[in-house]
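Accompanying notes for the structure given below.
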Amino acid sequence: MSRLPERADAVVIGGGVIGASTAFRLAESGVGTVLLERGELGSGSSRNTAGVVRTYFPGNALISSLAVRSLADYRALGERTGADLGLKKIGFLVLFTDEREVRDFRQTRDAQHAAGVDVELVTAAEAAQLNPLVDERAVLAAAWSPQAYACDSVSIVRAYAAAAQRAGATLHTDAPVTAIDPDGRVHTPAGSILADTVVCAAGPWAKTVAAMADVTVPVTPYPVELLLADHPGGAPQKALPMTMHPSGLRIRSWEDRILVGMGAPAPDETRQDWLGRVSQQLGTAFPSLAGVSIESGWGGNLDLSPDGMAFIGRDPARPFVYAAGFSGQGLCQAPAAGEIVRDLVLGKESWIDTTGLSTARRLDGRAGTG
């Protein structure tokens with residue numbers, strides 16, 4: 001690992017998709033930027049998700065607005081860098097099994113449209129056409145948003161990292177942060193660097209990193225495991241959309257198999273019991289999958305916030321900016337989050353009102369979720 005420079009305008013801690021996007025935006029704006037990653041680029045929560053970029057977030061138009069802006073930037077990133085981000089359109093289907101869910105969708109649809117989301121209510125029969133595994137007799141209706149893409153999260157991180165380097169940023173991997181002094185000096189095993197602004201984009205480690213600077217960012221590491229199931233009758237004729245059941249179960253096509261997500265074992269639950277619970281729920285939600293073989297895919301920790309919405313803001317008492325707590329949705333919001341952090345570092349007005357994104361919404365209740 002090379003030695004760190006003595007100082008930088010901004011030090012970004014975390015080399016996942018949030019940190020890489022932020023480093024690019026800062027360097028592009030002429031900010032002398034150094035990125036520190038404790039392991040390899042994209043080795044944290046960025047690769048522990050289902051690998052889908054979507055714009056529709058039920059019940060939260062603020063997140064949706066960030067996601068709409070981010071999707072546009074991903075398209076531009078691919079064109080600008082020539083990188084293959086693996087974007088393949090699959091769509092996003094949210095199943096409704098009771099009238100309350102349908103009513104809630106209708107009440108929030110206008111806000112989603114205002115945020116730029118393409119989403120509409122479809123019938124149970126139409127949902128079954130979009131995903132043949134859906135049992136229309138067990139579904140009242142569904143929300144359908146075609147703006148969802150399977151993607152390669154590692155390629156996205158690398159593309160932003162390469163763009164950041166071309167813009168003048170310096171990237172250091174295998175550089176865990178061990179301490180942060182009150183004056184902004186960041187310490188690592190490779191040496192120390194004095195930063196005018198410290199940016200915490202450390203994902204599941206954000207709370208620990210922020211505490212080093214005497215800042216509170218209430219993010220909790222949340223373990224998830226993604227599973228793979230066989231498709232009944234062999235490989236499907238077309239890719240299945242990302243499909244979310246009210247139980248929290250999510251499925252989508254993964255090559256010729258089905259990717260299954262439903263969290264991870266509870267603290268008092270054995271892994272075998274959890275697999276049994278997932279299998280039972282899978283068969284209940286999608287009867288044609290009852291009894292299919294399930295095996296491990298991949299997993300790890302996500303950075304979970306108390307309300308499932310990210311924290312993006314600046315500490316009022318010190319030059320410390322944070323972007324964490326994306327709760328598995330970081331891929332969908334990273335480009336927009338990078339822009340917001342850049343504006344916070346530069347002291348510029350952002351393209352969106354960020355009041356509801358700061359930690360103040362949890363610490364004193366002044367701001368609500370979007």
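Simple scheme: letters A, B, ... for chains in structure tokens order, numbers from 1 for residues in each chain, numbers from 1 for ligands in the order shown.
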Please tabulate, as JSON lines, the residues of stretch 33-133 of chain A that come within 10 Å of stretch 299-305 of chain A, each with its closest pair of atoms and the distance in Å to one decimal, counting only C-alpha atoms and ordering rows by chain, then residue number upward.
{"residue": "A:Ser43", "atom": "CA", "partner": "A:Gly300", "partner_atom": "CA", "distance": 9.8}
{"residue": "A:Gly44", "atom": "CA", "partner": "A:Asn301", "partner_atom": "CA", "distance": 7.4}
{"residue": "A:Ser45", "atom": "CA", "partner": "A:Leu302", "partner_atom": "CA", "distance": 5.0}
{"residue": "A:Ser46", "atom": "CA", "partner": "A:Leu302", "partner_atom": "CA", "distance": 8.3}
{"residue": "A:Arg47", "atom": "CA", "partner": "A:Gly299", "partner_atom": "CA", "distance": 8.2}
{"residue": "A:Asn48", "atom": "CA", "partner": "A:Gly299", "partner_atom": "CA", "distance": 5.2}
{"residue": "A:Thr49", "atom": "CA", "partner": "A:Gly299", "partner_atom": "CA", "distance": 7.7}
{"residue": "A:Ala50", "atom": "CA", "partner": "A:Gly299", "partner_atom": "CA", "distance": 9.7}
So that I have them on file, write out the residues from the current selection with N, CA and C atoms, as a short mmCIF file (atom, residue, chain, number, x, y, z; two decimals), in the first residue's frame.
data_model
loop_
_atom_site.label_atom_id
_atom_site.label_comp_id
_atom_site.auth_asym_id
_atom_site.auth_seq_id
_atom_site.Cartn_x
_atom_site.Cartn_y
_atom_site.Cartn_z
N SER A 43 -16.21 -4.31 -2.01
CA SER A 43 -16.22 -5.59 -1.29
C SER A 43 -17.19 -5.61 -0.11
N GLY A 44 -17.87 -4.50 0.17
CA GLY A 44 -18.79 -4.46 1.30
C GLY A 44 -20.22 -4.66 0.87
N SER A 45 -21.11 -3.79 1.35
CA SER A 45 -22.54 -3.97 1.11
C SER A 45 -22.92 -3.82 -0.36
N SER A 46 -22.08 -3.17 -1.16
CA SER A 46 -22.41 -2.98 -2.58
C SER A 46 -22.60 -4.31 -3.31
N ARG A 47 -21.93 -5.35 -2.86
CA ARG A 47 -22.08 -6.64 -3.55
C ARG A 47 -22.95 -7.62 -2.77
N ASN A 48 -23.59 -7.15 -1.72
CA ASN A 48 -24.43 -8.03 -0.90
C ASN A 48 -25.91 -7.87 -1.19
N THR A 49 -26.24 -7.32 -2.35
CA THR A 49 -27.64 -7.07 -2.71
C THR A 49 -28.05 -7.95 -3.87
N ALA A 50 -29.30 -7.77 -4.31
CA ALA A 50 -29.82 -8.56 -5.42
C ALA A 50 -29.39 -8.01 -6.77
#
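The list of residues with at least one atom within 8 Å of A:Gly51, based on only C-alpha atoms and without residues fewer than 5 positions apart in the same chain, reads Ala150, Cys151, Asp152, Ser153 and Leu331 of chain A.
Atom pair atom CA of A:His172 / atom CA of A:Glu37 has a distance of 6.2 Å (rounded to one decimal).
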Please identify all polymer residues within 8 Å of A:Thr123, counting only C-alpha atoms, omitting same-chain residues fewer than 5 positions from it, and present them as a count of residues only. 3
Skip A:Ala10 itself and residues of its chain fewer than 2 positions away, then list as a VMD selection string all residues within 6 Å of it, counting only C-alpha atoms.
chain A and resid 8 33 195 to 198
Practice task
Please run DSSP on the backbone and report, as an MDAnalysis selection string, all residues within stretch 292-350 of chain A that come out as helix (DSSP H, G or I).
Solution key: chainID A and resid 330:346
Using C-alpha atoms, can you export the residues from the last selection as a PDB file, in the first residue's frame?
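Wrote again_32.pdb, looks like this:
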ATOM      1  CA  GLY A 330     -27.382   2.117  -2.135  1.00  0.00           C
ATOM      2  CA  LEU A 331     -27.014   0.965  -5.742  1.00  0.00           C
ATOM      3  CA  CYS A 332     -30.274   2.700  -6.582  1.00  0.00           C
ATOM      4  CA  GLN A 333     -29.256   6.017  -5.007  1.00  0.00           C
ATOM      5  CA  ALA A 334     -25.468   6.267  -5.269  1.00  0.00           C
ATOM      6  CA  PRO A 335     -25.143   8.755  -8.160  1.00  0.00           C
ATOM      7  CA  ALA A 336     -27.628  11.179  -6.601  1.00  0.00           C
ATOM      8  CA  ALA A 337     -26.103  10.689  -3.149  1.00  0.00           C
ATOM      9  CA  GLY A 338     -22.681  11.548  -4.568  1.00  0.00           C
ATOM     10  CA  GLU A 339     -24.064  14.805  -5.942  1.00  0.00           C
ATOM     11  CA  ILE A 340     -25.650  15.697  -2.591  1.00  0.00           C
ATOM     12  CA  VAL A 341     -22.412  15.009  -0.717  1.00  0.00           C
ATOM     13  CA  ARG A 342     -20.435  17.087  -3.221  1.00  0.00           C
ATOM     14  CA  ASP A 343     -22.775  20.024  -2.635  1.00  0.00           C
ATOM     15  CA  LEU A 344     -22.497  19.624   1.139  1.00  0.00           C
ATOM     16  CA  VAL A 345     -18.693  19.667   0.910  1.00  0.00           C
ATOM     17  CA  LEU A 346     -18.698  22.708  -1.363  1.00  0.00           C
TER      18      LEU A 346
END
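Proximity to A:Asp353 at 10 Å, evaluated using only C-alpha atoms and with sequence-adjacent residues fewer than 4 positions away removed, yields Leu62, Ile340, Glu349 and Leu357 of chain A.
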Could the residues in this selection be written to a file with all heavy atoms, as a PDB file, in the first residue's frame?
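Below is the file that was written, selection03.pdb:
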ATOM      1  N   LEU A  62     -39.324  10.433  -1.790  1.00  0.00           N
ATOM      2  CA  LEU A  62     -38.009  11.068  -1.703  1.00  0.00           C
ATOM      3  C   LEU A  62     -36.928  10.107  -2.189  1.00  0.00           C
ATOM      4  O   LEU A  62     -36.069  10.482  -3.002  1.00  0.00           O
ATOM      5  CB  LEU A  62     -37.722  11.505  -0.266  1.00  0.00           C
ATOM      6  CG  LEU A  62     -36.335  12.113  -0.006  1.00  0.00           C
ATOM      7  CD1 LEU A  62     -36.081  13.304  -0.923  1.00  0.00           C
ATOM      8  CD2 LEU A  62     -36.206  12.526   1.455  1.00  0.00           C
ATOM      9  N   ILE A 340     -25.249  15.013  -3.826  1.00  0.00           N
ATOM     10  CA  ILE A 340     -25.650  15.697  -2.591  1.00  0.00           C
ATOM     11  C   ILE A 340     -24.440  15.911  -1.690  1.00  0.00           C
ATOM     12  O   ILE A 340     -24.244  17.000  -1.128  1.00  0.00           O
ATOM     13  CB  ILE A 340     -26.742  14.894  -1.867  1.00  0.00           C
ATOM     14  CG1 ILE A 340     -28.031  14.882  -2.698  1.00  0.00           C
ATOM     15  CG2 ILE A 340     -27.011  15.487  -0.479  1.00  0.00           C
ATOM     16  CD1 ILE A 340     -29.099  13.954  -2.158  1.00  0.00           C
ATOM     17  N   GLU A 349     -26.041  24.916  -2.587  1.00  0.00           N
ATOM     18  CA  GLU A 349     -27.420  24.447  -2.477  1.00  0.00           C
ATOM     19  C   GLU A 349     -27.610  23.242  -3.384  1.00  0.00           C
ATOM     20  O   GLU A 349     -27.197  23.246  -4.543  1.00  0.00           O
ATOM     21  CB  GLU A 349     -28.396  25.557  -2.874  1.00  0.00           C
ATOM     22  CG  GLU A 349     -29.860  25.176  -2.696  1.00  0.00           C
ATOM     23  CD  GLU A 349     -30.804  26.320  -3.012  1.00  0.00           C
ATOM     24  OE1 GLU A 349     -30.312  27.457  -3.195  1.00  0.00           O
ATOM     25  OE2 GLU A 349     -32.023  26.076  -3.080  1.00  0.00           O
ATOM     26  N   LEU A 357     -33.099  14.061   5.031  1.00  0.00           N
ATOM     27  CA  LEU A 357     -32.083  13.022   4.934  1.00  0.00           C
ATOM     28  C   LEU A 357     -31.083  13.062   6.085  1.00  0.00           C
ATOM     29  O   LEU A 357     -30.372  12.082   6.312  1.00  0.00           O
ATOM     30  CB  LEU A 357     -31.317  13.162   3.612  1.00  0.00           C
ATOM     31  CG  LEU A 357     -32.122  12.878   2.336  1.00  0.00           C
ATOM     32  CD1 LEU A 357     -31.319  13.280   1.099  1.00  0.00           C
ATOM     33  CD2 LEU A 357     -32.520  11.415   2.265  1.00  0.00           C
TER      34      LEU A 357
END
Shortest contact to A:Ser279, candidates A:Tyr56, A:Val292, A:Gly203, A:Ala67, atoms counted only C-alpha atoms, goes to A:Val292
Counting only C-alpha atoms, closest pick from A:Val278, A:Ala83, A:Ile18, A:Ala213 relative to A:Ala179 is A:Ala213
* as a VMD selection string, which residues of stretch 163-342 of chain A does DSSP assign to strand (DSSP E or B)? -> chain A and resid 170 to 172 179 to 180 185 to 188 191 to 200 220 to 229 242 to 244 250 to 254 257 to 261 294 to 304 311 to 314 320 to 324
